[in-house]
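*Asks:* I have a structure I would like to understand better, so I am pasting it below and will then ask my questions one at a time.
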Amino acid sequence: MKYLPTLVIATLVGFLARLYMLRRDYRQYPSYPQGWAIHLFLGFIGGAIGAIIVPAILEGDFSAVSFLLLAASQFREVRNVERDTLSSMEATEMVKRGTAYIEGIARVFEARNYLAIWVALSAAVASELLADIGWWRMAAGVLVGAVLAAVLVRLMQGDLIGDIASVELSEIKFEGALVVIEGTVMMNVGLPESRRVYEERALAASVRPKGPNAKATLANLGQMQAIAHDVSSMIGVYMDVGEQEFIPMVRRDPATGSLRVLMVPSERDEDAFLAAIRRVPVLEGAVRKPLTSYAGKMID
């Protein structure tokens with residue numbers, strides 16, 4: 001019973017931290033309420049693990065600590081579950097996420113459970129260090145956990161496309177049946193009816209990297225597919241199943257490293273189109289930093 005206040009407050013803080021990190025946005029994942037139930041339960045387990053570590057160490061029960069660390073390592077299975085789930089859902093997507101995007105999402109969900117453990121552990125440490133101030137220790141634990149949760153969430157936030165590149169509207173031209181954007185051939189649109197749709201509704205943009213590192217990052221095929229998927233999710237796409245000519249396209253200009261984005265949105269809004277591209281996250285697995293290498297510095 002001596003450690004009951006610490007266990008209660010640390011577990012609660014870890015659970016609330018996982019709830020704070022659980023968001024459903026335009027990607028519509030995790031689903032509600034089934035997906036939330038799964039992740040919140042895992043967050044509760046993570047909070048309990050982080051809370052129990054401190055009393056176990058104080059009591060010298062190091063075998064219990066080892067067991068808890070073993071239990072925490074099972075969170076690695078979360079990544080596999082999320083990867084399998086998203087891969088199974090891929091067939092239902094009008095515009096595919098791509099394997100790189102799926103792997104990034106799976107990593108995020110695994111990492112957030114570890115963050116719940118860290119938050120609960122920090123709250124437990126604060127509670128025990130301030131045990132002499134009575135029930136105020138619980139308030140101190142909540143405060144420390146809340147601050148750490150906010151810091152960790154901020155550190156977990158990666159760059160967006162708008163942070164590493166400039167995004168501008170581009171003119172769409174037809175050279176016969178070929179759709180061309182700033183000299184880059186995007187696709188062949190053979191049917192006259194489809195060409196009329198492009199002329200009336202299509203939008204195009206150029207994504208220009210702000211430096212060599214950004215240029216290398218944008219060259220990743222997974223990042224290009226993520227742009228097509230996210231933009232389609234945010235502003236909608238004008239197509240039906242089997243209409244390959246209306247699938248959003250992202251091509252790369254080898255000379256400059258710029259990307260050309262072409263799509264037929266459900267509503268032709270230029271500002272929304274550009275904002276959607278800028279808000280696409282930079283995939284963790286796509287990040288390249290050639291300037292950190294000796295050879296890269298020589299080329300730059």
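Naming scheme: A, B, ... for chains in displayed order of the structure tokens; residues 1 onward per chain; ligands 1 onward as shown.
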Extract the full set of strand (DSSP E or B) residues from stretch 120-262 of chain A according to DSSP on the backbone, and format it as a VMD selection string.

*Replies:* chain A and resid 160 165 to 169 172 to 175 178 to 181 184 to 188 203 to 209 237 249 to 252 259 to 262

*Asks:* Write out as a list in words the residues lying within 10 Å of A:Ala149, counting only C-alpha atoms and excluding same-chain residues fewer than 2 positions away.

*Replies:* Val13, Gly14, Leu16, Ala17, Arg18, Tyr20, Met21, Leu115, Ala116, Trp118, Val119, Ala120, Ser122, Leu143, Val144, Gly145, Ala146, Val147, Val151, Leu152, Val153, Arg154 and Leu155 of chain A

*Asks:* Just N, CA and C atoms for this one: save the residues we selected as a short mmCIF file (atom, residue, chain, number, x, y, z; two decimals), in the first residue's frame.

*Replies:*
data_model
loop_
_atom_site.label_atom_id
_atom_site.label_comp_id
_atom_site.auth_asym_id
_atom_site.auth_seq_id
_atom_site.Cartn_x
_atom_site.Cartn_y
_atom_site.Cartn_z
N VAL A 13 -1.34 8.74 -15.60
CA VAL A 13 -0.65 9.71 -16.44
C VAL A 13 -0.16 9.06 -17.73
N GLY A 14 0.38 7.84 -17.65
CA GLY A 14 0.81 7.13 -18.85
C GLY A 14 -0.35 6.85 -19.78
N LEU A 16 -3.23 8.57 -19.95
CA LEU A 16 -3.69 9.84 -20.53
C LEU A 16 -2.72 10.35 -21.60
N ALA A 17 -1.42 10.07 -21.41
CA ALA A 17 -0.45 10.46 -22.43
C ALA A 17 -0.70 9.71 -23.73
N ARG A 18 -1.03 8.43 -23.61
CA ARG A 18 -1.35 7.65 -24.83
C ARG A 18 -2.64 8.16 -25.46
N TYR A 20 -3.68 11.24 -25.34
CA TYR A 20 -3.32 12.51 -25.94
C TYR A 20 -2.64 12.31 -27.30
N MET A 21 -1.85 11.24 -27.42
CA MET A 21 -1.14 10.97 -28.66
C MET A 21 -2.00 10.24 -29.69
N LEU A 115 6.54 5.66 -25.43
CA LEU A 115 6.44 6.99 -24.83
C LEU A 115 5.53 6.98 -23.62
N ALA A 116 4.46 6.17 -23.67
CA ALA A 116 3.58 6.05 -22.51
C ALA A 116 4.34 5.48 -21.31
N TRP A 118 7.62 5.85 -20.76
CA TRP A 118 8.51 6.90 -20.28
C TRP A 118 7.76 7.94 -19.44
N VAL A 119 6.59 8.32 -19.90
CA VAL A 119 5.80 9.31 -19.16
C VAL A 119 5.40 8.77 -17.80
N ALA A 120 4.91 7.53 -17.76
CA ALA A 120 4.53 6.93 -16.49
C ALA A 120 5.72 6.79 -15.56
N SER A 122 8.43 8.69 -15.50
CA SER A 122 8.79 10.01 -14.97
C SER A 122 7.84 10.45 -13.87
N LEU A 143 2.08 16.81 -13.12
CA LEU A 143 2.74 17.92 -13.80
C LEU A 143 3.97 17.45 -14.57
N VAL A 144 4.81 16.65 -13.93
CA VAL A 144 6.01 16.15 -14.59
C VAL A 144 5.64 15.29 -15.81
N GLY A 145 4.65 14.42 -15.63
CA GLY A 145 4.23 13.58 -16.75
C GLY A 145 3.66 14.38 -17.90
N ALA A 146 2.88 15.42 -17.59
CA ALA A 146 2.29 16.25 -18.64
C ALA A 146 3.35 17.00 -19.42
N VAL A 147 4.34 17.53 -18.71
CA VAL A 147 5.42 18.26 -19.38
C VAL A 147 6.22 17.33 -20.27
N VAL A 151 6.70 17.41 -24.37
CA VAL A 151 8.03 17.48 -24.98
C VAL A 151 8.26 16.32 -25.95
N LEU A 152 7.88 15.12 -25.52
CA LEU A 152 8.09 13.94 -26.37
C LEU A 152 7.25 14.01 -27.64
N VAL A 153 6.01 14.47 -27.52
CA VAL A 153 5.16 14.60 -28.71
C VAL A 153 5.75 15.61 -29.67
N ARG A 154 6.29 16.69 -29.13
CA ARG A 154 6.91 17.71 -29.99
C ARG A 154 8.14 17.14 -30.70
N LEU A 155 8.94 16.37 -29.98
CA LEU A 155 10.14 15.78 -30.58
C LEU A 155 9.79 14.72 -31.62
#

*Asks:* When you count only C-alpha atoms, which of these residues is closest to A:Leu274: A:Met224, A:Ala71, A:Ile161, A:Met187?

*Replies:*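 Nearest candidate to A:Leu274 out of A:Met224, A:Ala71, A:Ile161, A:Met187: A:Ile161.
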
*Asks:* Identify which of the residues A:Ile247, A:Val167, A:Ala64, A:Leu291 lies closest to A:Ala276, counting only C-alpha atoms when measuring atom-to-atom distances.

*Replies:* A:Val167

*Asks:* What's the 6 Å shell around stretch 262-272 of chain A, counting only C-alpha atoms, without same-chain residues fewer than 6 positions away, as a list in words?

*Replies:* Arg201, Ala202, Leu203, Ala204, Gly236, Val237, Tyr238, Pro248 and Met249 of chain A

*Asks:* Considering only C-alpha atoms, can you say which of A:Ser88, A:Leu42, A:Ala51, A:Thr99 comes closest to A:Arg76?

*Replies:*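 Residue with the minimum atom-to-atom distance to A:Arg76: A:Leu42.
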
*Asks:* Run DSSP on the backbone and grab whatever in stretch 130-245 of chain A lands in alpha helix (DSSP H); send it over as JSON, numbers by chain.

*Replies:* {"A": [136, 137, 138, 139, 140, 141, 142, 143, 144, 145, 146, 147, 148, 149, 150, 151, 152, 153, 154, 155, 156, 161, 162, 163, 164, 192, 193, 194, 195, 196, 197, 198, 199, 200, 201, 212, 213, 214, 215, 216, 217, 218, 221, 222, 223, 224, 225, 226, 227, 228, 229, 230, 231, 232, 233, 234, 235]}

*Asks:* Near A:Leu191, counting only C-alpha atoms, which residues have an atom at most 12 Å away, once you skip same-chain residues fewer than 5 positions from it, shown as a list in words?

*Replies:*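 Here the qualifying residues turn out to be Gly176, Ala177, Leu178, Arg196, Val197, Tyr198, Glu243, Gln244, Glu245 and Phe246 of chain A.
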